[in-house]
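Shown next, in structure tokens, is the structure this report addresses.
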Amino acid sequence: MKGGSVARLDNMSGDNGAGGPRRSRQAPLLVAPGDDLGDSGEYEAGHGVLAINGRLRALKQGRMNNRGGTVSIEPRRTSYVPRPSDLVIGYIEGCTSNIWFVDIGAPFNAILPMSLGPSKAEFGGIRKVLDIGDAILCRVQEVEENHSSVVTMKGMGLRAIRAGTVEEIDPHLLGRLIGRGGNNLRQLKEDTECRVVAGDNGRVWLDGDLDGILNARDRLNALLTEAKIEEFGGEV
Amino acid sequence: MGGYGDVQCIDENGIRLDGRTKDEVRPVSIETGVVPVADGSARIRWGLNDCIAAVYGPMEAHPRKIQRQDRAVLDVRYNMAPFSTTDRIRPGFNRRSREISKVTAEALESVVLTELYPRSKIRVEIEIICAEAGTRCAGITAASVALAHAGIPMTDMVVSVASGKVHDIVVCDLNKEEDNYGEADLPMGILPNTGELVFLQMDGDLSPDQFQEAWDYNMEAAKVIHEEMVRALKGGAE
């Protein structure tokens with residue numbers, strides 16, 4: 001293992017070709033953080049990719065996509081980062097006299113002010129409306145620079161979840177669940193005769209009869225397994 | 001040659017106690033997803049070292065005084081299990097584990113894009129199950145893989161490895177006897193894709209030539225370990 005000094009830029013990567021990133025038609029390329037994805041050239045750095053000194057570099061572990069000149073990574077795991085207008089399913093984690101704190105699966109709890117709650121509540125009596133542990137369907141109204149967010153329950157279809165069950169999938173797999181033009185989600189609803197609401201934070205509300213819910217839950221698990229097999233090949 | 005009292009670490013042919021040549025790395029294997037409840041986890045077996053790292057977060061930083069308005073903080077805890085060495089280790093934090101936690105956090109902060117998660121905390125727990133020498137290097141390497149497994153954005157992974165000197169012979173990746181009876185060791189944290197250095201410590205004395213030789217050994221060893229890290233992440237068991 002003798003050799004000269006090796007502390008030079010870019011001489012330790014095995015496949016740092018200058019031909020730019022792979023096209024998506026080729027077999028999916030699995031990447032690890034720090035992997036060199038080629039020359040940035042006319043490509044734009046999308047999700048999970050950073051352009052450094054004219055080179056594209058992977059920031060996350062996952063599968064590389066190259067669509068429309070934008071190179072991105074579909075991460076294997078990721079945490080949810082809220083954006084305004086996201087439809088999310090949250091759990092009430094705490095409250096003060098006029099504010100609920102909602103766990104929406106993000107690094108920080110969102111706040112739900114009494115004025116944006118589902119119904120009129122008295123100051124100091126908000127636990128009569130939504131109690132700790134309750135699940136709610138809400139929408140992200142505002143996200144500040146420091147990642148604190150406000151959610152609202154004023155809007156069509158936003159409500160407290162009193163029936164059915166809430167399942168969780170990785171947020172980056174929502175695209176597969178919904179499908180092109182919502183086809184997959186529509187099919188799931190028809191097959192299971194369940195109400196299925198997919199939140200942007202990866203939480204999915206299933207409501208219907210017991211058999212339908214169990215069927216829908218199995219379909220979600222199958223989707224997760226399929227995604228893993230497709231991503232990494234072979235059995236999981 | 002290469003002896004210290006009754007302990008002879010290297011024989012006349014340059015073969016070490018565990019059968020390696022002076023530029024060889026101990027066998028390394030890494031697996032991911034070993035702690036299912038964590039957001040990301042990894043286990044590294046490196047020689048007789050056995051280390052588990054688990055990552056939780058990003059999450060709200062508590063207590064609030066540790067929050068940074070412009071970035072996340074890495075809360076790293078390195079700990080050796082009481083049964084990890086022949087002499088029982090008293091449980092809990094001590095000066096050594098505090099120091100290693102600090103240098104590990106600083107090494108990892110140089111690659112993690114902490115500015116994406118202001119006011120947050122990323123918790124990294126490193127537990128040494130079995131110690132043979134080079135546990136800080138194993139801990140940093142395992143923590144790097146666990147962070148990548150958790151989907152935390154990083155510009156590169158940190159590979160850490162130590163070379164050292166045993167009676168004027170520079171050897172790569174010290175084992176327990178070499179660590180105990182040797183004169184110097186040089187742990188380094190390396191970014192394998194760029195060759196940059198993010199962590200360097202030196203215990204003992206090395207001449208400039210010996211330093212260069214140890215440096216080169218570490219850089220070459222980093223390639224071998226990085227290959228295993230990438231293999232674990234790309235096709236790792238879940």
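A note on labels: chains of the structure tokens are A, B, ... as shown, every chain counts residues from 1, and ligands are counted from 1 in their shown order.
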
Those in range 8-230 of chain A with alpha helix (DSSP H) from DSSP, as a VMD selection string: chain A and resid 174 to 178 183 to 192 210 to 230

For Val171 in chain B, find every residue with an atom within 8 Å (counting only C-alpha atoms), except residues of its own chain fewer than 2 positions away, and show them as number ranges by chain. B: 22-23, 163-166, 169, 173-174, 214, 217

Can you spit out the residues from that selection as a PDB file, in the first residue's frame, using N, CA and C atoms?
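selection_32.pdb, freshly written:
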```pdb
ATOM      1  N   LYS B  22       3.168  -4.236   7.528  1.00  0.00           N
ATOM      2  CA  LYS B  22       3.068  -2.941   8.209  1.00  0.00           C
ATOM      3  C   LYS B  22       2.115  -1.962   7.515  1.00  0.00           C
ATOM      4  N   ASP B  23       1.751  -2.250   6.253  1.00  0.00           N
ATOM      5  CA  ASP B  23       0.862  -1.309   5.563  1.00  0.00           C
ATOM      6  C   ASP B  23      -0.554  -1.872   5.374  1.00  0.00           C
ATOM      7  N   SER B 163      -2.586   5.544  12.081  1.00  0.00           N
ATOM      8  CA  SER B 163      -1.324   4.819  11.934  1.00  0.00           C
ATOM      9  C   SER B 163      -0.407   5.257  13.073  1.00  0.00           C
ATOM     10  N   GLY B 164       0.673   4.561  13.267  1.00  0.00           N
ATOM     11  CA  GLY B 164       1.539   4.933  14.380  1.00  0.00           C
ATOM     12  C   GLY B 164       2.912   4.329  14.260  1.00  0.00           C
ATOM     13  N   LYS B 165       3.662   4.465  15.349  1.00  0.00           N
ATOM     14  CA  LYS B 165       5.059   4.016  15.336  1.00  0.00           C
ATOM     15  C   LYS B 165       5.276   3.007  16.454  1.00  0.00           C
ATOM     16  N   VAL B 166       5.843   1.870  16.068  1.00  0.00           N
ATOM     17  CA  VAL B 166       6.203   0.865  17.066  1.00  0.00           C
ATOM     18  C   VAL B 166       7.697   0.635  16.939  1.00  0.00           C
ATOM     19  N   ILE B 169       9.332   1.841  13.729  1.00  0.00           N
ATOM     20  CA  ILE B 169       8.746   1.346  12.478  1.00  0.00           C
ATOM     21  C   ILE B 169       7.329   1.901  12.399  1.00  0.00           C
ATOM     22  N   ASP B 173      -2.805   1.309  10.905  1.00  0.00           N
ATOM     23  CA  ASP B 173      -3.953   0.770  11.638  1.00  0.00           C
ATOM     24  C   ASP B 173      -3.509  -0.080  12.831  1.00  0.00           C
ATOM     25  N   LEU B 174      -3.117   0.596  13.899  1.00  0.00           N
ATOM     26  CA  LEU B 174      -2.537  -0.071  15.069  1.00  0.00           C
ATOM     27  C   LEU B 174      -3.524  -1.032  15.728  1.00  0.00           C
ATOM     28  N   ALA B 214       3.226   7.827   7.912  1.00  0.00           N
ATOM     29  CA  ALA B 214       1.957   7.518   8.592  1.00  0.00           C
ATOM     30  C   ALA B 214       0.789   8.172   7.863  1.00  0.00           C
ATOM     31  N   TYR B 217      -0.003   6.159   4.785  1.00  0.00           N
ATOM     32  CA  TYR B 217      -0.711   4.926   5.162  1.00  0.00           C
ATOM     33  C   TYR B 217      -2.190   5.221   5.440  1.00  0.00           C
TER      34      TYR B 217
END
```

Sorted per-residue table, chain B near chain A, closest atoms and distance, 7 Å, only C-alpha atoms, as CSV:
```
residue,atom,partner,partner_atom,distance
B:Asp23,CA,A:Met1,CA,5.8
B:Gly57,CA,A:Pro107,CA,6.9
B:Pro58,CA,A:Pro107,CA,5.4
B:Met59,CA,A:Pro107,CA,4.2
B:Glu60,CA,A:Phe108,CA,5.5
B:Gln69,CA,A:Asn146,CA,6.9
B:Pro118,CA,A:Asn146,CA,5.7
B:Arg119,CA,A:Asn146,CA,6.8
B:Ser120,CA,A:Pro107,CA,6.9
B:Ala148,CA,A:Gln61,CA,6.1
B:His149,CA,A:Gln61,CA,6.8
B:Ala150,CA,A:Arg77,CA,6.0
B:Gly151,CA,A:Thr78,CA,4.9
B:Ile152,CA,A:Lys60,CA,6.7
B:Pro153,CA,A:Leu59,CA,4.8
B:Met154,CA,A:Leu59,CA,4.9
B:Thr155,CA,A:Gly34,CA,5.1
B:Asp156,CA,A:Gly34,CA,3.8
B:Met157,CA,A:Pro33,CA,6.4
B:Pro192,CA,A:Met12,CA,6.1
B:Asn193,CA,A:Ser13,CA,5.3
B:Thr194,CA,A:Leu9,CA,4.5
B:Gly195,CA,A:Ala7,CA,4.5
B:Glu196,CA,A:Ala7,CA,6.4
B:Asp216,CA,A:Ser5,CA,5.9
B:Met219,CA,A:Val6,CA,6.4
B:Glu220,CA,A:Met1,CA,6.6
B:Val230,CA,A:Ala32,CA,6.2
B:Leu233,CA,A:Ala32,CA,6.7
B:Lys234,CA,A:Leu30,CA,6.1
B:Gly235,CA,A:Phe232,CA,6.2
```

May I have all residues of range 13-233 of chain A that DSSP, computed from the backbone, assigns to strand (DSSP E), given as a PyMOL selection string? chain A and resi 29-31+36-39+44-45+49-52+55-58+62-67+70-75+87-95+99-103+110-113+135-143+149-152+159-161+165-168+195-198+203-207

May I ask which of the residues B:Ala221, B:Ile122, B:Ala143, B:Val35 is the closest one to Val161 in chain B, counting only C-alpha atoms? B:Ala221

With only C-alpha atoms as the counted atoms, please give the residues lying no more than 9 Å from Ala163 in chain A, apart from itself and same-chain residues fewer than 5 positions off, as a compact mmCIF listing (two decimals) with C-alpha atoms, in the first residue's frame.
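Listing of result.txt after writing:
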```txt
# COMPACT_ATOMS: atom_id res chain seq x y z
CA LEU A 206 -57.37 5.25 5.90
CA ASP A 207 -61.07 5.22 6.73
CA GLY A 208 -63.64 2.61 5.81
```

Tell me which protein, DNA and RNA residues are within 12 Å of Ser101 in chain B, counting only C-alpha atoms, leaving out same-chain ones fewer than 3 positions away, and put them as a PyMOL selection string. chain B and resi 74-80+93-98+104-108+123-127+135-137+139-140+143

Please provide as a list in words all residues within 10 Å of Arg176 in chain A, with the sequence filter that same-chain residues fewer than 4 positions apart are discarded (counting only C-alpha atoms).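 Neighbouring residues, sequence-local ones excluded: His172, Arg180, Gly182, Asn183, Asn184, Leu185, Leu223, Leu224 and Ala227 of chain A.
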
Could you please take those selected residues and save N, CA and C atoms as a PDB file, in the first residue's frame?
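The new file selection_2.pdb reads:
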```
ATOM      1  N   HIS A 172     -40.730  10.513   0.671  1.00  0.00           N
ATOM      2  CA  HIS A 172     -40.303  10.497  -0.724  1.00  0.00           C
ATOM      3  C   HIS A 172     -41.017   9.420  -1.539  1.00  0.00           C
ATOM      4  N   ARG A 180     -49.100   8.753 -11.450  1.00  0.00           N
ATOM      5  CA  ARG A 180     -49.242   9.821 -12.437  1.00  0.00           C
ATOM      6  C   ARG A 180     -50.695  10.262 -12.523  1.00  0.00           C
ATOM      7  N   GLY A 182     -52.617  10.925 -10.197  1.00  0.00           N
ATOM      8  CA  GLY A 182     -53.420  10.385  -9.094  1.00  0.00           C
ATOM      9  C   GLY A 182     -54.007   9.010  -9.382  1.00  0.00           C
ATOM     10  N   ASN A 183     -53.482   8.331 -10.432  1.00  0.00           N
ATOM     11  CA  ASN A 183     -54.050   7.036 -10.833  1.00  0.00           C
ATOM     12  C   ASN A 183     -53.959   5.975  -9.748  1.00  0.00           C
ATOM     13  N   ASN A 184     -52.777   5.832  -9.168  1.00  0.00           N
ATOM     14  CA  ASN A 184     -52.575   4.768  -8.181  1.00  0.00           C
ATOM     15  C   ASN A 184     -53.471   4.969  -6.967  1.00  0.00           C
ATOM     16  N   LEU A 185     -53.567   6.238  -6.528  1.00  0.00           N
ATOM     17  CA  LEU A 185     -54.374   6.534  -5.342  1.00  0.00           C
ATOM     18  C   LEU A 185     -55.851   6.258  -5.638  1.00  0.00           C
ATOM     19  N   LEU A 223     -46.183  -1.608  -1.201  1.00  0.00           N
ATOM     20  CA  LEU A 223     -45.552  -0.498  -1.925  1.00  0.00           C
ATOM     21  C   LEU A 223     -44.160  -0.204  -1.361  1.00  0.00           C
ATOM     22  N   LEU A 224     -44.056  -0.212  -0.025  1.00  0.00           N
ATOM     23  CA  LEU A 224     -42.760   0.051   0.610  1.00  0.00           C
ATOM     24  C   LEU A 224     -41.755  -1.025   0.225  1.00  0.00           C
ATOM     25  N   ALA A 227     -40.694  -0.701  -3.386  1.00  0.00           N
ATOM     26  CA  ALA A 227     -39.783   0.422  -3.583  1.00  0.00           C
ATOM     27  C   ALA A 227     -38.370   0.045  -3.186  1.00  0.00           C
TER      28      ALA A 227
END
```

Just want the 7 Å neighbourhood of Leu116 in chain A, counted on only C-alpha atoms, with same-chain residues fewer than 5 positions away dropped. Output as an mmCIF file with C-alpha atoms, in the first residue's frame.
```
data_model
loop_
_atom_site.group_PDB
_atom_site.id
_atom_site.type_symbol
_atom_site.label_atom_id
_atom_site.label_comp_id
_atom_site.auth_asym_id
_atom_site.auth_seq_id
_atom_site.Cartn_x
_atom_site.Cartn_y
_atom_site.Cartn_z
ATOM 1 C CA THR A 152 -54.628 25.751 10.025
ATOM 2 C CA MET A 153 -57.810 23.716 10.118
ATOM 3 C CA LYS A 154 -59.808 26.369 8.279
#
```

Neighbours of Ala131 in chain B within 10 Å (only C-alpha atoms; same-chain residues fewer than 4 positions away dropped), as JSON, numbers by chain? {"B": [46, 47, 48, 49, 50, 51, 80, 81, 83, 84, 85, 86, 135, 136, 138, 176]}

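The closest residue to Glu115 in chain B, picked from B:Asp87, B:Glu227, B:Glu132, B:Asp70 and counting only C-alpha atoms, is B:Asp70.
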
Take CA of His226 in chain B and CA of Asp185 in chain B and report the distance between them in Å, one decimal.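 Here the two named atoms are 20.8 Å from each other.
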